[in-house]
>>> print(open('structure.cif').read())   # mmCIF, C-alpha atoms
data_start
loop_
_atom_site.label_atom_id
_atom_site.label_comp_id
_atom_site.auth_asym_id
_atom_site.auth_seq_id
_atom_site.Cartn_x
_atom_site.Cartn_y
_atom_site.Cartn_z
CA MET A 1 74.22 -67.72 -47.65
CA LYS A 2 74.28 -71.22 -48.96
CA SER A 3 77.13 -72.73 -50.92
CA VAL A 4 77.11 -72.73 -54.68
CA ILE A 5 76.35 -76.43 -54.49
CA VAL A 6 72.89 -75.48 -53.30
CA LEU A 7 72.33 -73.32 -56.37
CA ALA A 8 71.82 -76.36 -58.55
CA ALA A 9 68.67 -77.24 -56.65
CA LEU A 10 66.95 -73.86 -56.78
CA VAL A 11 65.34 -74.10 -60.21
CA ALA A 12 63.42 -77.20 -59.23
CA LEU A 13 61.83 -75.59 -56.22
CA THR A 14 58.96 -74.13 -58.22
CA ALA A 15 56.77 -76.98 -59.38
CA ALA A 16 53.17 -78.03 -59.78
CA ALA A 17 50.50 -79.31 -57.44
CA CYS A 18 50.12 -83.06 -57.27
CA GLY A 19 47.54 -83.59 -54.57
CA ALA A 20 46.19 -82.20 -51.31
CA PRO A 21 43.49 -82.91 -48.76
CA SER A 22 39.86 -81.94 -49.31
CA GLY A 23 38.28 -84.29 -46.80
CA SER A 24 39.37 -87.19 -44.69
CA ASP A 25 41.21 -88.81 -47.58
CA ARG A 26 42.47 -88.08 -51.10
CA GLY A 27 41.33 -85.09 -53.08
CA SER A 28 42.13 -81.57 -54.23
CA ILE A 29 41.76 -78.33 -52.34
CA GLU A 30 39.03 -75.99 -53.44
CA LEU A 31 40.41 -72.47 -53.71
CA SER A 32 37.00 -70.82 -53.56
CA THR A 33 37.05 -67.77 -51.31
CA THR A 34 33.31 -67.89 -50.59
CA SER A 35 33.27 -70.02 -47.45
CA ALA A 36 35.33 -72.20 -45.15
CA GLY A 37 34.44 -74.75 -42.54
CA ARG A 38 36.18 -76.05 -39.46
CA THR A 39 38.65 -78.90 -39.77
CA GLY A 40 37.43 -82.22 -38.44
CA TYR A 41 40.06 -84.19 -36.55
CA PRO A 42 41.54 -86.65 -36.94
CA LEU A 43 42.35 -85.32 -40.40
CA THR A 44 43.71 -88.00 -42.74
CA PHE A 45 44.76 -87.64 -46.36
CA ASP A 46 47.25 -88.80 -48.97
CA ASN A 47 50.36 -86.67 -49.41
CA CYS A 48 52.62 -87.71 -52.27
CA GLY A 49 51.68 -91.36 -51.80
CA THR A 50 52.05 -91.33 -48.01
CA ARG A 51 48.99 -91.45 -45.79
CA VAL A 52 49.23 -88.81 -43.07
CA THR A 53 47.00 -88.21 -40.06
CA PHE A 54 46.68 -85.17 -37.83
CA PRO A 55 44.84 -85.81 -34.56
CA ARG A 56 44.97 -82.08 -33.83
CA PRO A 57 46.64 -78.91 -35.21
CA PRO A 58 50.44 -79.33 -35.04
CA GLN A 59 52.17 -77.32 -32.33
CA ARG A 60 55.86 -78.23 -32.80
CA VAL A 61 56.74 -77.80 -36.47
CA LEU A 62 60.16 -78.25 -38.05
CA ILE A 63 60.51 -76.67 -41.48
CA LEU A 64 63.35 -78.23 -43.45
CA ASN A 65 65.60 -76.18 -45.72
CA GLY A 66 65.33 -77.67 -49.21
CA THR A 67 66.80 -74.38 -50.55
CA SER A 68 63.27 -72.99 -50.37
CA VAL A 69 61.70 -70.09 -48.54
CA GLY A 70 58.09 -70.48 -49.73
CA GLU A 71 56.96 -72.77 -46.93
CA VAL A 72 58.16 -70.63 -44.04
CA GLU A 73 56.77 -67.50 -45.70
CA SER A 74 53.39 -69.21 -46.00
CA PHE A 75 53.45 -70.07 -42.28
CA ILE A 76 54.30 -66.46 -41.42
CA MET A 77 51.60 -64.94 -43.63
CA LEU A 78 49.02 -67.26 -42.07
CA GLY A 79 50.07 -66.26 -38.57
CA LEU A 80 51.31 -69.76 -37.80
CA ASP A 81 54.80 -68.72 -36.72
CA LYS A 82 54.04 -69.60 -33.07
CA SER A 83 53.75 -73.25 -34.11
CA ILE A 84 57.29 -73.30 -35.53
CA LEU A 85 59.67 -75.17 -33.26
CA ALA A 86 62.59 -74.75 -35.66
CA ASN A 87 63.00 -73.26 -39.12
CA ALA A 88 65.85 -74.09 -41.50
CA GLN A 89 64.69 -71.92 -44.42
CA SER A 90 66.19 -68.50 -45.13
CA TYR A 91 67.06 -66.33 -48.12
CA GLY A 92 68.24 -62.93 -46.93
CA VAL A 93 66.53 -60.88 -49.63
CA SER A 94 62.84 -60.62 -50.45
CA ASP A 95 60.31 -58.84 -52.63
CA ASP A 96 58.52 -58.17 -49.34
CA PRO A 97 61.35 -56.63 -47.27
CA SER A 98 59.46 -57.24 -44.02
CA MET A 99 59.90 -60.99 -44.54
CA ILE A 100 63.65 -60.85 -43.92
CA GLY A 101 63.33 -59.83 -40.28
CA LYS A 102 60.33 -62.07 -39.65
CA ILE A 103 62.19 -65.15 -40.85
CA LYS A 104 65.34 -64.22 -38.97
CA ALA A 105 63.30 -63.93 -35.75
CA LEU A 106 62.09 -67.53 -35.92
CA PRO A 107 63.72 -70.20 -33.74
CA THR A 108 66.27 -72.46 -35.41
CA GLY A 109 66.40 -75.10 -32.71
CA GLY A 110 70.20 -75.04 -32.78
CA LEU A 111 70.09 -77.28 -35.84
CA THR A 112 73.02 -77.68 -38.23
CA MET A 113 73.04 -78.81 -41.85
CA ASN A 114 74.77 -81.90 -43.22
CA LYS A 115 76.74 -81.98 -46.48
CA ASN A 116 73.46 -82.08 -48.40
CA PHE A 117 72.39 -78.80 -46.83
CA ASP A 118 69.52 -79.97 -44.69
CA VAL A 119 68.88 -81.25 -41.18
CA PRO A 120 70.25 -84.79 -40.63
CA ALA A 121 68.00 -87.56 -39.33
CA GLU A 122 69.43 -87.77 -35.83
CA GLN A 123 68.85 -84.06 -35.18
CA VAL A 124 65.28 -84.21 -36.45
CA LEU A 125 64.42 -87.17 -34.24
CA LYS A 126 66.13 -85.65 -31.20
CA LEU A 127 64.14 -82.41 -31.58
CA LYS A 128 60.86 -84.37 -31.35
CA PRO A 129 58.62 -82.17 -33.51
CA ASP A 130 55.05 -83.23 -34.17
CA LEU A 131 55.31 -82.23 -37.86
CA VAL A 132 58.23 -82.02 -40.29
CA VAL A 133 57.63 -80.00 -43.46
CA SER A 134 59.76 -80.39 -46.60
CA THR A 135 59.45 -78.48 -49.85
CA TRP A 136 60.30 -81.66 -51.80
CA SER A 137 60.13 -85.43 -51.47
CA GLY A 138 63.93 -85.56 -51.37
CA GLY A 139 63.85 -83.95 -47.93
CA PHE A 140 63.03 -87.41 -46.57
CA ASP A 141 65.71 -89.31 -48.50
CA ALA A 142 67.79 -91.61 -46.27
CA LYS A 143 70.58 -91.66 -48.86
CA LYS A 144 71.12 -87.96 -48.20
CA GLY A 145 71.23 -88.52 -44.46
CA PHE A 146 67.67 -87.34 -43.84
CA ALA A 147 64.96 -89.00 -41.76
CA THR A 148 62.50 -90.98 -43.88
CA ARG A 149 58.77 -90.52 -43.61
CA GLU A 150 58.57 -94.07 -42.27
CA GLN A 151 61.13 -93.31 -39.53
CA LEU A 152 59.23 -90.22 -38.52
CA ALA A 153 55.90 -92.01 -38.44
CA ALA A 154 57.39 -94.72 -36.23
CA ALA A 155 58.43 -91.96 -33.81
CA GLY A 156 54.94 -90.47 -33.86
CA ILE A 157 55.97 -87.55 -36.06
CA ALA A 158 53.85 -86.47 -39.04
CA SER A 159 55.55 -85.43 -42.28
CA LEU A 160 54.40 -83.19 -45.11
CA VAL A 161 55.75 -82.49 -48.59
CA ASN A 162 54.57 -79.37 -50.38
CA PRO A 163 52.23 -81.14 -52.84
CA VAL A 164 53.52 -79.20 -55.83
CA ASN A 165 56.87 -80.95 -55.41
CA CYS A 166 55.75 -84.56 -54.96
CA ALA A 167 57.74 -85.68 -58.00
CA MET A 168 60.89 -83.87 -56.96
CA GLY A 169 63.28 -86.32 -55.36
CA LYS A 170 60.83 -89.20 -55.79
CA PRO A 171 62.09 -91.72 -58.38
CA GLU A 172 58.84 -93.68 -58.25
CA ALA A 173 56.65 -90.60 -58.85
CA THR A 174 53.46 -91.25 -60.78
CA GLU A 175 52.89 -89.75 -64.20
CA GLU A 176 50.23 -87.53 -62.66
CA GLU A 177 52.75 -86.22 -60.14
CA ARG A 178 55.36 -85.66 -62.86
CA ARG A 179 52.87 -83.86 -65.08
CA ALA A 180 51.72 -81.66 -62.23
CA TYR A 181 55.36 -80.90 -61.38
CA ARG A 182 55.90 -79.58 -64.90
CA ASN A 183 52.71 -77.52 -64.99
CA GLN A 184 53.16 -75.39 -61.90
CA SER A 185 51.57 -71.96 -61.66
CA ILE A 186 50.81 -69.14 -59.26
CA ASN A 187 47.82 -71.21 -58.22
CA SER A 188 50.26 -73.81 -56.87
CA SER A 189 51.48 -71.28 -54.31
CA LEU A 190 47.90 -70.64 -53.20
CA GLU A 191 47.19 -74.35 -52.88
CA PHE A 192 49.85 -74.74 -50.20
CA ILE A 193 48.29 -71.90 -48.22
CA ALA A 194 44.92 -73.65 -48.45
CA LEU A 195 46.54 -76.91 -47.35
CA LEU A 196 48.01 -75.28 -44.24
CA GLY A 197 44.67 -73.69 -43.52
CA ARG A 198 43.07 -77.12 -43.46
CA ILE A 199 45.77 -78.78 -41.36
CA PHE A 200 45.88 -76.01 -38.73
CA ASP A 201 42.13 -75.29 -38.72
CA VAL A 202 42.59 -71.70 -39.90
CA GLN A 203 40.64 -72.06 -43.11
CA ASP A 204 38.91 -68.68 -42.92
CA ARG A 205 42.30 -67.05 -42.46
CA ALA A 206 43.75 -69.02 -45.39
CA LEU A 207 40.88 -68.21 -47.73
CA ASP A 208 41.08 -64.53 -46.81
CA LEU A 209 44.80 -64.50 -47.61
CA ILE A 210 44.29 -66.43 -50.84
CA GLY A 211 41.57 -64.00 -51.89
CA LYS A 212 43.79 -60.97 -51.27
CA LEU A 213 46.78 -62.43 -53.10
CA ARG A 214 44.67 -63.61 -56.01
CA ALA A 215 42.95 -60.22 -56.27
CA ARG A 216 46.29 -58.46 -56.63
CA VAL A 217 47.37 -60.77 -59.45
CA GLU A 218 44.00 -60.57 -61.19
CA ALA A 219 44.07 -56.77 -61.01
CA VAL A 220 47.28 -56.83 -63.03
CA ARG A 221 45.90 -59.41 -65.48
CA THR A 222 42.89 -57.14 -66.06
CA ARG A 223 45.06 -54.07 -66.54
CA VAL A 224 47.22 -55.69 -69.23
CA ALA A 225 44.50 -57.75 -70.90
CA GLY A 226 44.43 -57.34 -74.67
CA VAL A 227 47.81 -55.62 -74.79
CA PRO A 228 50.39 -57.40 -76.99
CA PRO A 229 52.80 -59.29 -74.70
CA ARG A 230 56.46 -58.33 -74.60
CA LYS A 231 59.28 -60.84 -74.31
CA VAL A 232 60.67 -61.06 -70.79
CA LEU A 233 63.90 -62.67 -69.58
CA ILE A 234 64.25 -63.64 -65.91
CA THR A 235 67.87 -64.16 -64.95
CA TYR A 236 69.76 -64.57 -61.68
CA PRO A 237 73.42 -63.48 -62.14
CA GLY A 238 74.29 -64.67 -58.64
CA MET A 239 73.31 -68.22 -59.59
CA ALA A 240 75.73 -68.54 -62.50
CA MET A 241 77.06 -71.80 -61.07
CA MET A 242 73.76 -73.40 -62.07
CA ASN A 243 74.73 -73.01 -65.72
CA ALA A 244 77.25 -75.35 -67.34
CA ASN A 245 78.71 -72.41 -69.27
CA GLY A 246 78.96 -70.00 -66.35
CA LEU A 247 76.14 -67.78 -67.62
CA PRO A 248 73.59 -66.10 -65.37
CA ALA A 249 70.85 -68.55 -64.45
CA VAL A 250 67.90 -68.03 -66.80
CA MET A 251 64.56 -69.20 -65.40
CA THR A 252 62.02 -70.88 -67.66
CA GLY A 253 58.87 -72.96 -67.49
CA GLY A 254 56.26 -73.47 -64.80
CA ILE A 255 55.68 -70.72 -62.31
CA TYR A 256 58.22 -68.40 -63.96
CA ASP A 257 56.22 -68.41 -67.18
CA ASP A 258 52.98 -67.92 -65.25
CA VAL A 259 54.31 -64.92 -63.34
CA ILE A 260 55.50 -63.34 -66.59
CA LYS A 261 52.17 -64.06 -68.30
CA ALA A 262 50.22 -62.51 -65.44
CA ALA A 263 52.39 -59.39 -65.79
CA GLY A 264 51.50 -59.11 -69.47
CA GLY A 265 54.58 -60.69 -70.98
CA VAL A 266 55.83 -63.94 -72.43
CA ASN A 267 59.02 -65.71 -71.45
CA ALA A 268 61.82 -65.02 -73.93
CA PHE A 269 62.47 -68.77 -73.82
CA ALA A 270 58.83 -69.86 -73.76
CA GLY A 271 58.38 -73.56 -74.41
CA GLN A 272 61.66 -74.50 -72.77
CA THR A 273 61.89 -76.53 -69.58
CA ALA A 274 63.93 -75.87 -66.45
CA ASP A 275 66.77 -77.81 -68.11
CA LEU A 276 67.57 -74.66 -70.10
CA THR A 277 68.98 -73.10 -66.95
CA ARG A 278 71.76 -75.66 -66.98
CA THR A 279 72.32 -75.98 -70.75
CA LEU A 280 71.92 -72.41 -72.04
CA ASN A 281 74.91 -71.25 -74.08
CA LYS A 282 76.14 -67.75 -74.90
CA GLU A 283 74.86 -67.83 -78.49
CA GLN A 284 71.35 -68.71 -77.35
CA LEU A 285 71.40 -65.91 -74.82
CA ALA A 286 72.86 -63.41 -77.27
CA THR A 287 70.26 -64.14 -79.97
CA ALA A 288 67.26 -64.17 -77.64
CA GLN A 289 64.58 -61.56 -78.16
CA VAL A 290 64.49 -59.63 -74.89
CA ASP A 291 62.18 -56.64 -74.57
CA VAL A 292 62.28 -56.59 -70.77
CA LEU A 293 65.04 -57.84 -68.48
CA VAL A 294 64.15 -59.07 -65.00
CA VAL A 295 67.15 -59.33 -62.68
CA GLY A 296 66.75 -61.72 -59.76
CA LEU A 297 68.67 -61.20 -56.54
CA PHE A 298 70.05 -64.21 -54.69
CA THR A 299 72.13 -62.58 -51.96
CA PRO A 300 71.62 -59.36 -49.96
CA GLY A 301 74.88 -57.92 -51.26
CA GLU A 302 73.84 -57.96 -54.92
CA ASN A 303 72.97 -54.66 -56.62
CA GLY A 304 70.15 -55.20 -59.12
CA ASP A 305 70.76 -51.94 -60.98
CA LYS A 306 74.44 -52.76 -61.38
CA LYS A 307 73.70 -56.30 -62.56
CA ALA A 308 71.23 -54.98 -65.12
CA ALA A 309 73.81 -52.51 -66.45
CA GLU A 310 76.36 -55.31 -66.79
CA LEU A 311 73.96 -57.49 -68.74
CA PHE A 312 72.97 -54.60 -71.00
CA ALA A 313 76.65 -53.99 -71.75
CA ALA A 314 77.23 -57.68 -72.47
CA TYR A 315 74.17 -57.99 -74.72
CA PRO A 316 73.66 -54.59 -76.37
CA GLN A 317 71.62 -56.14 -79.18
CA TRP A 318 68.65 -56.81 -76.88
CA ALA A 319 65.78 -54.37 -77.23
CA ALA A 320 65.81 -54.14 -73.43
CA SER A 321 69.45 -53.01 -73.54
CA LYS A 322 68.63 -50.21 -75.94
CA SER A 323 65.65 -49.00 -73.91
CA ARG A 324 67.20 -49.82 -70.49
CA THR A 325 63.99 -51.60 -69.52
CA TYR A 326 64.30 -53.83 -66.48
CA ALA A 327 62.86 -54.81 -63.11
CA VAL A 328 64.51 -56.29 -60.01
CA VAL A 329 62.92 -59.17 -58.09
CA SER A 330 64.02 -61.87 -55.68
CA ASP A 331 61.78 -64.56 -54.15
CA GLY A 332 58.52 -63.42 -55.75
CA VAL A 333 58.97 -65.51 -58.88
CA TYR A 334 59.48 -68.73 -56.89
CA LEU A 335 56.88 -71.09 -55.47
CA GLY A 336 55.57 -69.23 -52.44
CA PRO A 337 53.11 -66.58 -51.27
CA LEU A 338 54.92 -63.56 -52.75
CA ASN A 339 54.07 -64.06 -56.44
CA ALA A 340 51.79 -61.01 -56.42
CA TRP A 341 54.74 -58.79 -55.49
CA ALA A 342 56.74 -60.00 -58.50
CA VAL A 343 53.80 -59.77 -60.89
CA GLU A 344 53.22 -56.15 -59.89
CA LYS A 345 56.91 -55.24 -60.19
CA ILE A 346 57.32 -56.85 -63.61
CA SER A 347 54.07 -55.48 -65.02
CA LYS A 348 55.16 -51.91 -64.29
CA VAL A 349 58.01 -52.21 -66.78
CA VAL A 350 56.38 -54.60 -69.25
CA HIS A 351 53.39 -52.30 -69.75
CA PRO A 352 54.12 -49.02 -67.93
CA ASP A 353 51.38 -47.09 -69.73
CA GLU A 354 48.51 -49.46 -69.03
#
>>> encode(input="structure.cif", output="structure tokens")
Amino acid sequence: MKSVIVLAALVALTAAACGAPSGSDRGSIELSTTSAGRTGYPLTFDNCGTRVTFPRPPQRVLILNGTSVGEVESFIMLGLDKSILANAQSYGVSDDPSMIGKIKALPTGGLTMNKNFDVPAEQVLKLKPDLVVSTWSGGFDAKKGFATREQLAAAGIASLVNPVNCAMGKPEATEEERRAYRNQSINSSLEFIALLGRIFDVQDRALDLIGKLRARVEAVRTRVAGVPPRKVLITYPGMAMMNANGLPAVMTGGIYDDVIKAAGGVNAFAGQTADLTRTLNKEQLATAQVDVLVVGLFTPGENGDKKAAELFAAYPQWAASKSRTYAVVSDGVYLGPLNAWAVEKISKVVHPDE
């Protein structure tokens, strides 16, 4: 697993959509599941302020790390794994257990990480992919030793940032990009699937997948509609190094709040931003109203039941501690295609009788 230094980046990986292709240029992807056409090549559009062109579907894709797993999971669920030349994303635990083996089976290209935990520029250029995918704009930051989008373009290599994370690692991000970054949702995960569908000319496949994932989430929303929401706390004990006070990492804002809402709850720290993960103190955690505890797993060796018991013992005043009400998740609350898994897991303990 990655070093604790990487933990500090994880919260920011779930962010909002800031633009995607819907034609030959700038626009937004329609997530309608009613129809899909063929992609016309060359396909050109704006991606986070960079104009990208695809003369054909990419065949040699490098997926950068970025402490994310959502991009590689999206490729796998769309059946695009044959196009992956090298993958640097991994997690080791998943709300869909089948994902662990599927990711492990992907080629890595013999790549190694630099001190900033991603593939250095010289290795990327030597590999000669036709597309490099990064979960965030910072994946193309020369100051971190990474290849820039300009360097890649000069070498005939296309680059792509997950549009929800345009503002992440981009000092000159527009206000629209920053606003979108703050307002991420489950829909943001689906937008990336639609984007890949357009780029790889598998739009029917993408819309079918989007429809199935959306249907699962909407089924839960319907089941819990009209039921008073309960306060839910999502915390990752294994990411305690993300917090200045050594507390378990508490996830707030954006897609975390949306996953909880879809499950029929409300975040115990609703209204707070991702900064709370770093600044939360013991008094704030102790006085929080927690009806349902959601324990997130970061490493395969963690025991969710044991972690829940430890938190209940540390905070016996929580309603969740008294009722022993909790769920265990992993990557399903992050930006990525597994949000439906987490929504279903959480809803079963938030509203078990509905």
>>> resolve_selection(input="structure.cif", expression="the PyMOL selection byres ((chain A and resi 51) around 10)", output="PyMOL selection string")
chain A and resi 25-26+44-50+52-53+158-160
>>> closest_residue(input="structure.cif", among="A:Ala262, A:Met239, A:Arg182, A:Glu73", to="Asp96 of chain A", atoms="all atoms listed in the file")
A:Glu73
>>> resolve_selection(input="structure.cif", expression="the PyMOL selection byres ((chain A and resi 194-206) around 7)", output="mmCIF file with C-alpha atoms, in the frame of the given file")
data_model
loop_
_atom_site.group_PDB
_atom_site.id
_atom_site.type_symbol
_atom_site.label_atom_id
_atom_site.label_comp_id
_atom_site.auth_asym_id
_atom_site.auth_seq_id
_atom_site.Cartn_x
_atom_site.Cartn_y
_atom_site.Cartn_z
ATOM 1 C CA ALA A 20 46.190 -82.200 -51.310
ATOM 2 C CA PRO A 21 43.490 -82.910 -48.760
ATOM 3 C CA ILE A 29 41.760 -78.330 -52.340
ATOM 4 C CA ALA A 36 35.330 -72.200 -45.150
ATOM 5 C CA GLY A 37 34.440 -74.750 -42.540
ATOM 6 C CA ARG A 38 36.180 -76.050 -39.460
ATOM 7 C CA THR A 39 38.650 -78.900 -39.770
ATOM 8 C CA PRO A 57 46.640 -78.910 -35.210
ATOM 9 C CA PRO A 58 50.440 -79.330 -35.040
ATOM 10 C CA LEU A 78 49.020 -67.260 -42.070
ATOM 11 C CA LEU A 190 47.900 -70.640 -53.200
ATOM 12 C CA GLU A 191 47.190 -74.350 -52.880
ATOM 13 C CA PHE A 192 49.850 -74.740 -50.200
ATOM 14 C CA ILE A 193 48.290 -71.900 -48.220
ATOM 15 C CA LEU A 207 40.880 -68.210 -47.730
ATOM 16 C CA ASP A 208 41.080 -64.530 -46.810
ATOM 17 C CA LEU A 209 44.800 -64.500 -47.610
ATOM 18 C CA ILE A 210 44.290 -66.430 -50.840
#
>>> axis_aligned_box(input="structure.cif", around="segment 70-84 of chain A", padding_each_side="4 Å", output="lines of an AutoDock Vina configuration file")
center_x = 53.6
center_y = -69.1
center_z = -41.4
size_x = 17.1
size_y = 16.4
size_z = 24.7
>>> residues_around(input="structure.cif", residues="Arg60 of chain A", least_positions_apart="2", cutoff="7 Å", atoms="all atoms listed in the file", output="PDB file with C-alpha atoms, in the frame of the given file")
ATOM      1  CA  PRO A  58      50.440 -79.330 -35.040  1.00  0.00           C
ATOM      2  CA  LEU A  62      60.160 -78.250 -38.050  1.00  0.00           C
ATOM      3  CA  SER A  83      53.750 -73.250 -34.110  1.00  0.00           C
ATOM      4  CA  ILE A  84      57.290 -73.300 -35.530  1.00  0.00           C
ATOM      5  CA  LEU A  85      59.670 -75.170 -33.260  1.00  0.00           C
ATOM      6  CA  PRO A 129      58.620 -82.170 -33.510  1.00  0.00           C
ATOM      7  CA  ASP A 130      55.050 -83.230 -34.170  1.00  0.00           C
ATOM      8  CA  LEU A 131      55.310 -82.230 -37.860  1.00  0.00           C
TER       9      LEU A 131
END
>>> residues_around(input="structure.cif", residues="segment 86-89 of chain A", least_positions_apart="5", cutoff="9 Å", atoms="all atoms listed in the file", output="number ranges by chain")
A: 60-72, 103, 106-113, 118-119, 127, 129
>>> atom_distance(input="structure.cif", atom1="atom CA of Ile234 of chain A", atom2="atom CA of Ile260 of chain A")
8.8 Å
>>> closest_residue(input="structure.cif", among="A:Val290, A:Leu233, A:Val224, A:Leu125", to="Ala154 of chain A", atoms="all atoms listed in the file")
A:Leu125
>>> closest_residue(input="structure.cif", among="A:Leu276, A:Leu338, A:Val333, A:Val227", to="Ile76 of chain A", atoms="all atoms listed in the file")
A:Leu338
>>> residues_near_point(input="structure.cif", point="(54.4, -72.5, -62.9)", cutoff="10 Å", atoms="all atoms listed in the file", output="PDB file with C-alpha atoms, in the frame of the given file")
ATOM      1  CA  THR A  14      58.960 -74.130 -58.220  1.00  0.00           C
ATOM      2  CA  ALA A  15      56.770 -76.980 -59.380  1.00  0.00           C
ATOM      3  CA  ALA A  16      53.170 -78.030 -59.780  1.00  0.00           C
ATOM      4  CA  ALA A  17      50.500 -79.310 -57.440  1.00  0.00           C
ATOM      5  CA  VAL A 164      53.520 -79.200 -55.830  1.00  0.00           C
ATOM      6  CA  ALA A 180      51.720 -81.660 -62.230  1.00  0.00           C
ATOM      7  CA  TYR A 181      55.360 -80.900 -61.380  1.00  0.00           C
ATOM      8  CA  ARG A 182      55.900 -79.580 -64.900  1.00  0.00           C
ATOM      9  CA  ASN A 183      52.710 -77.520 -64.990  1.00  0.00           C
ATOM     10  CA  GLN A 184      53.160 -75.390 -61.900  1.00  0.00           C
ATOM     11  CA  SER A 185      51.570 -71.960 -61.660  1.00  0.00           C
ATOM     12  CA  ILE A 186      50.810 -69.140 -59.260  1.00  0.00           C
ATOM     13  CA  ASN A 187      47.820 -71.210 -58.220  1.00  0.00           C
ATOM     14  CA  SER A 188      50.260 -73.810 -56.870  1.00  0.00           C
ATOM     15  CA  SER A 189      51.480 -71.280 -54.310  1.00  0.00           C
ATOM     16  CA  THR A 252      62.020 -70.880 -67.660  1.00  0.00           C
ATOM     17  CA  GLY A 253      58.870 -72.960 -67.490  1.00  0.00           C
ATOM     18  CA  GLY A 254      56.260 -73.470 -64.800  1.00  0.00           C
ATOM     19  CA  ILE A 255      55.680 -70.720 -62.310  1.00  0.00           C
ATOM     20  CA  TYR A 256      58.220 -68.400 -63.960  1.00  0.00           C
ATOM     21  CA  ASP A 257      56.220 -68.410 -67.180  1.00  0.00           C
ATOM     22  CA  ASP A 258      52.980 -67.920 -65.250  1.00  0.00           C
ATOM     23  CA  VAL A 259      54.310 -64.920 -63.340  1.00  0.00           C
ATOM     24  CA  ILE A 260      55.500 -63.340 -66.590  1.00  0.00           C
ATOM     25  CA  VAL A 333      58.970 -65.510 -58.880  1.00  0.00           C
ATOM     26  CA  TYR A 334      59.480 -68.730 -56.890  1.00  0.00           C
ATOM     27  CA  LEU A 335      56.880 -71.090 -55.470  1.00  0.00           C
TER      28      LEU A 335
END
>>> residues_around(input="structure.cif", residues="Gly169 of chain A", least_positions_apart="5", cutoff="9 Å", atoms="all atoms listed in the file", output="MDAnalysis selection string")
chainID A and resid 136:141
>>> atom_distance(input="structure.cif", atom1="atom CA of Ala249 of chain A", atom2="atom CA of Ala320 of chain A")
17.7 Å
>>> resolve_selection(input="structure.cif", expression="the PyMOL selection byres ((chain A and resi 146) around 10)", output="PyMOL selection string")
chain A and resi 114+116+118-124+138-145+147-149+151
>>> closest_residue(input="structure.cif", among="A:Val266, A:Phe298, A:Ala225, A:Asp291", to="Pro248 of chain A", atoms="all atoms listed in the file")
A:Phe298
>>> residues_around(input="structure.cif", residues="Val93 of chain A", least_positions_apart="2", cutoff="12 Å", atoms="all atoms listed in the file", output="ChimeraX atom specification")
/A:1,69,90-91,95-104,296-304,328-332
>>> closest_residue(input="structure.cif", among="A:Ala173, A:Ala308, A:Val295, A:Val217", to="Trp341 of chain A", atoms="all atoms listed in the file")
A:Val217
>>> atom_distance(input="structure.cif", atom1="atom CA of Arg178 of chain A", atom2="atom CA of Lys261 of chain A")
22.5 Å
>>> closest_residue(input="structure.cif", among="A:Lys126, A:Lys82, A:His351, A:Lys345", to="Ala105 of chain A", atoms="all atoms listed in the file")
A:Lys82
